[in-house]
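To keep things clear, I will list the structure first and then write my remarks on it.
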Amino acid sequence: MDRRQQKTRKAIFEAFLYLLERKRYDHITVQEIIDEADVGRSTFYAHFETKEMLLEALCTDLLFHVFGENPCAWNGDDGTLSGRLTHILWHVRDSQSNLSAILLSEGSEVFMGYFKQHLRALFEAHLHEFTPDLPRDYLLRQLAGGFAETVKWWVKGRFQEPPEAVAGYFLKLYAGSCQTKEFVL
């Protein structure tokens with residue numbers, strides 16, 4: 001993608017985020033996005049076939065920056081679940097303008113669905129650290145949903161706690177279902 005296309009895509013993303021801060025996703029029209037981004041209809045459709053595809057691209061872009069292409073090579077990550085959760089929280093805090101806007105928006109439930117999918121994959125990689133007597137799908141759903149809500153709580157609280165503490169709070173909730181000492185904080 002050339003610079004002009006990247007600039008247009010960024011303008012569309014910013015316009016969409018701006019609108020998400022102000023109204024529900026299902027009440028936003030393509031025309032409003034086009035007007036806010038100051039692009040033509042054909043330009044919008046050259047980048048995204050539908051509003052749903054725009055949302056998916058935005059979520060993918062934001063989550064790529066959080067989870068990265070290779071989670072095993074996360075900066076500062078020691079390979080533990082605690083380290084990976086802390087890394088996610090640092091990234092959310094460092095890129096708070098975009099993520100805060102979408103997490104606190106009326107349309108956050110759609111983004112949270114994508115976020116939980118990525119979290120589920122992360123927890124699945126660490127599932128061996130949890131007690132095996134719980135149904136797998138149930139445990140993964142609870143872990144992903146619980147951490148997503150923890151992040152939302154932290155963002156609403158304006159990042160008053162350090163990322164390490166927030167990851168620790170979350171892991172303390174699940175300490176009884178863990179097999180490893182990493183979770184005992």
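Every chain in the structure tokens takes a letter, A first, then B, and so on in the order presented; its residues are numbered from 1, and the ligands are numbered from 1 following the presented order.
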
What residues in chain A get the DSSP label alpha helix (DSSP H)? Please answer as a ChimeraX atom specification. /A:3-22,30-37,41-47,51-67,81-94,96-103,108-125,136-156,163-173

I want to know what sits within 12 Å of A:Glu109, based on only C-alpha atoms, with residues of the same chain fewer than 3 positions away left out; could you give that as a list of chain:residue names? A:Leu20, A:Arg24, A:Tyr25, A:Asp26, A:Leu55, A:Cys59, A:Ile102, A:Leu103, A:Leu104, A:Ser105, A:Glu106, A:Met112, A:Gly113, A:Tyr114, A:Phe115, A:Lys116, A:Gly145, A:Ala148, A:Glu149, A:Lys152

For A:Glu14, which residue out of A:Gly40, A:Asn98, A:Phe48, A:Leu62 is the nearest one, using only C-alpha atoms? A:Asn98

Using only C-alpha atoms, can you tell me which of A:Lys7, A:His126, A:Arg84, A:Arg141 comes closest to A:Gly68? A:Arg84

In Å, how far is it from atom CA of A:Asp2 to atom CA of A:Ala57?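 Value for the atom CA of A:Asp2-atom CA of A:Ala57 distance: 17.3 Å.
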
List the spatial neighbours of A:Leu19 as a PDB file with C-alpha atoms, in the first residue's frame - criterion: any atom at most 8 Å away, only C-alpha atoms, same-chain residues fewer than 3 positions off excluded.
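To be explicit, this is the file written out as selection18.pdb:
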```pdb
ATOM      1  CA  ALA A  15     -13.241   9.184  11.397  1.00  0.00           C
ATOM      2  CA  PHE A  16     -14.746   5.843  12.375  1.00  0.00           C
ATOM      3  CA  ARG A  22     -20.233   9.458  19.970  1.00  0.00           C
ATOM      4  CA  LYS A  23     -22.765   6.851  18.875  1.00  0.00           C
ATOM      5  CA  ILE A  28     -23.248   4.952  12.167  1.00  0.00           C
ATOM      6  CA  ILE A  33     -17.827   8.028   7.891  1.00  0.00           C
TER       7      ILE A  33
END
```

Option closest in space to A:Arg93, from A:Met53, A:Leu119, A:Val151, A:Val110 [counting only C-alpha atoms]: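 Closest residue, counting only C-alpha atoms: A:Val151.
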
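Of note, atom CA of A:Pro163 and atom CA of A:Ala175 are spaced 18.2 Å apart.
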
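When only C-alpha atoms are used to compute distances to A:Gly168, the closest of the residues A:His118, A:Phe147, A:His128, A:Glu52 turns out to be A:Phe147.
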
What's the 10 Å shell around A:Gln5, counting only C-alpha atoms, without same-chain residues fewer than 4 positions away, as a list in words? Met1, Arg9, Lys10, Ala11, Thr43, Ala46 and His47 of chain A

Which residues come within 10 Å of A:Phe44, counting only C-alpha atoms, excluding same-chain residues fewer than 3 positions away, as a PyMOL selection string? chain A and resi 8-9+12+30-31+33-34+37-41+47-51+54

Go ahead and dump the residues you just picked, all heavy atoms, as a compact mmCIF listing (two decimals), in the first residue's frame.
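Contents of the output file part09.txt:
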```
# COMPACT_ATOMS: atom_id res chain seq x y z
N THR A 8 -5.20 7.75 3.43
CA THR A 8 -6.65 7.65 3.29
C THR A 8 -7.22 6.65 4.28
O THR A 8 -8.21 6.92 4.96
CB THR A 8 -7.02 7.24 1.86
OG1 THR A 8 -6.54 8.24 0.95
CG2 THR A 8 -8.52 7.09 1.69
N ARG A 9 -6.58 5.51 4.39
CA ARG A 9 -7.04 4.47 5.32
C ARG A 9 -7.01 5.00 6.76
O ARG A 9 -7.94 4.78 7.53
CB ARG A 9 -6.16 3.23 5.16
CG ARG A 9 -6.60 2.04 5.95
CD ARG A 9 -5.67 0.87 5.63
NE ARG A 9 -5.92 -0.28 6.43
CZ ARG A 9 -6.64 -1.32 6.07
NH1 ARG A 9 -7.17 -1.36 4.87
NH2 ARG A 9 -6.80 -2.33 6.88
N ILE A 12 -9.90 7.34 7.36
CA ILE A 12 -11.16 6.59 7.52
C ILE A 12 -11.21 5.97 8.92
O ILE A 12 -12.24 6.03 9.60
CB ILE A 12 -11.32 5.54 6.41
CG1 ILE A 12 -11.51 6.23 5.05
CG2 ILE A 12 -12.49 4.61 6.71
CD1 ILE A 12 -11.43 5.29 3.85
N VAL A 30 -22.31 4.75 6.52
CA VAL A 30 -21.14 4.92 5.67
C VAL A 30 -21.03 6.39 5.26
O VAL A 30 -19.93 6.95 5.23
CB VAL A 30 -21.21 3.98 4.43
CG1 VAL A 30 -20.12 4.34 3.43
CG2 VAL A 30 -21.09 2.53 4.85
N GLN A 31 -22.16 7.03 5.01
CA GLN A 31 -22.13 8.45 4.63
C GLN A 31 -21.50 9.30 5.73
O GLN A 31 -20.71 10.21 5.44
CB GLN A 31 -23.54 8.95 4.31
CG GLN A 31 -23.56 10.37 3.75
CD GLN A 31 -22.78 10.49 2.44
OE1 GLN A 31 -22.99 9.71 1.51
NE2 GLN A 31 -21.86 11.44 2.36
N ILE A 33 -19.26 8.34 7.89
CA ILE A 33 -17.83 8.03 7.89
C ILE A 33 -17.14 8.79 6.76
O ILE A 33 -16.09 9.41 6.95
CB ILE A 33 -17.58 6.51 7.76
CG1 ILE A 33 -18.19 5.76 8.94
CG2 ILE A 33 -16.09 6.22 7.63
CD1 ILE A 33 -18.30 4.26 8.75
N ILE A 34 -17.74 8.75 5.59
CA ILE A 34 -17.20 9.45 4.41
C ILE A 34 -17.10 10.95 4.70
O ILE A 34 -16.08 11.58 4.41
CB ILE A 34 -18.09 9.18 3.18
CG1 ILE A 34 -17.95 7.73 2.74
CG2 ILE A 34 -17.77 10.14 2.05
CD1 ILE A 34 -19.00 7.30 1.72
N ALA A 37 -14.35 11.64 7.34
CA ALA A 37 -13.01 11.39 6.81
C ALA A 37 -12.66 12.31 5.66
O ALA A 37 -11.49 12.39 5.26
CB ALA A 37 -12.89 9.93 6.36
N ASP A 38 -13.68 12.97 5.12
CA ASP A 38 -13.50 13.86 3.97
C ASP A 38 -12.91 13.11 2.77
O ASP A 38 -11.91 13.51 2.17
CB ASP A 38 -12.63 15.07 4.33
CG ASP A 38 -12.74 16.19 3.29
OD1 ASP A 38 -13.77 16.25 2.59
OD2 ASP A 38 -11.79 16.98 3.18
N VAL A 39 -13.55 11.97 2.48
CA VAL A 39 -13.18 11.18 1.31
C VAL A 39 -14.44 10.94 0.48
O VAL A 39 -15.55 11.05 0.98
CB VAL A 39 -12.53 9.82 1.69
CG1 VAL A 39 -11.23 10.04 2.45
CG2 VAL A 39 -13.47 8.94 2.46
N GLY A 40 -14.24 10.58 -0.75
CA GLY A 40 -15.37 10.27 -1.61
C GLY A 40 -15.89 8.86 -1.37
O GLY A 40 -15.18 8.00 -0.83
N ARG A 41 -17.11 8.64 -1.79
CA ARG A 41 -17.74 7.32 -1.63
C ARG A 41 -16.94 6.24 -2.35
O ARG A 41 -16.70 5.16 -1.80
CB ARG A 41 -19.19 7.37 -2.15
CG ARG A 41 -19.95 6.07 -1.96
CD ARG A 41 -21.44 6.23 -2.26
NE ARG A 41 -22.12 7.03 -1.25
CZ ARG A 41 -22.54 6.57 -0.07
NH1 ARG A 41 -22.35 5.32 0.25
NH2 ARG A 41 -23.15 7.35 0.78
N HIS A 47 -11.39 0.93 -0.43
CA HIS A 47 -10.68 0.39 0.74
C HIS A 47 -11.51 -0.66 1.50
O HIS A 47 -10.95 -1.64 1.99
CB HIS A 47 -10.30 1.52 1.70
CG HIS A 47 -9.19 2.38 1.19
ND1 HIS A 47 -7.87 2.13 1.46
CD2 HIS A 47 -9.21 3.48 0.40
CE1 HIS A 47 -7.12 3.04 0.88
NE2 HIS A 47 -7.91 3.87 0.21
N PHE A 48 -12.82 -0.43 1.59
CA PHE A 48 -13.69 -1.31 2.38
C PHE A 48 -15.00 -1.51 1.64
O PHE A 48 -15.65 -0.55 1.26
CB PHE A 48 -13.96 -0.69 3.76
CG PHE A 48 -12.72 -0.30 4.49
CD1 PHE A 48 -12.31 1.02 4.52
CD2 PHE A 48 -11.94 -1.26 5.12
CE1 PHE A 48 -11.15 1.39 5.19
CE2 PHE A 48 -10.78 -0.90 5.78
CZ PHE A 48 -10.39 0.43 5.82
N GLU A 49 -15.39 -2.77 1.48
CA GLU A 49 -16.64 -3.06 0.78
C GLU A 49 -17.86 -2.71 1.60
O GLU A 49 -18.90 -2.36 1.05
CB GLU A 49 -16.68 -4.53 0.38
CG GLU A 49 -15.67 -4.90 -0.70
CD GLU A 49 -15.74 -6.37 -1.06
OE1 GLU A 49 -16.83 -6.97 -0.93
OE2 GLU A 49 -14.70 -6.91 -1.46
N THR A 50 -17.73 -2.81 2.93
CA THR A 50 -18.86 -2.55 3.83
C THR A 50 -18.36 -1.91 5.12
O THR A 50 -17.16 -1.93 5.42
CB THR A 50 -19.58 -3.86 4.22
OG1 THR A 50 -18.67 -4.68 4.96
CG2 THR A 50 -20.09 -4.61 3.00
N LYS A 51 -19.29 -1.39 5.89
CA LYS A 51 -18.96 -0.85 7.21
C LYS A 51 -18.45 -1.97 8.12
O LYS A 51 -17.54 -1.76 8.93
CB LYS A 51 -20.22 -0.20 7.81
CG LYS A 51 -20.00 0.42 9.17
CD LYS A 51 -21.24 1.12 9.69
CE LYS A 51 -22.23 0.09 10.22
NZ LYS A 51 -23.31 0.69 11.02
N LEU A 54 -14.88 -2.52 7.43
CA LEU A 54 -14.10 -1.45 8.05
C LEU A 54 -13.87 -1.77 9.53
O LEU A 54 -12.76 -1.66 10.03
CB LEU A 54 -14.81 -0.10 7.89
CG LEU A 54 -14.30 1.05 8.75
CD1 LEU A 54 -12.82 1.34 8.48
CD2 LEU A 54 -15.16 2.29 8.53
```

Expressed in Å, the length from atom CA of A:Glu161 to atom CA of A:Ser95 is 16.1 Å
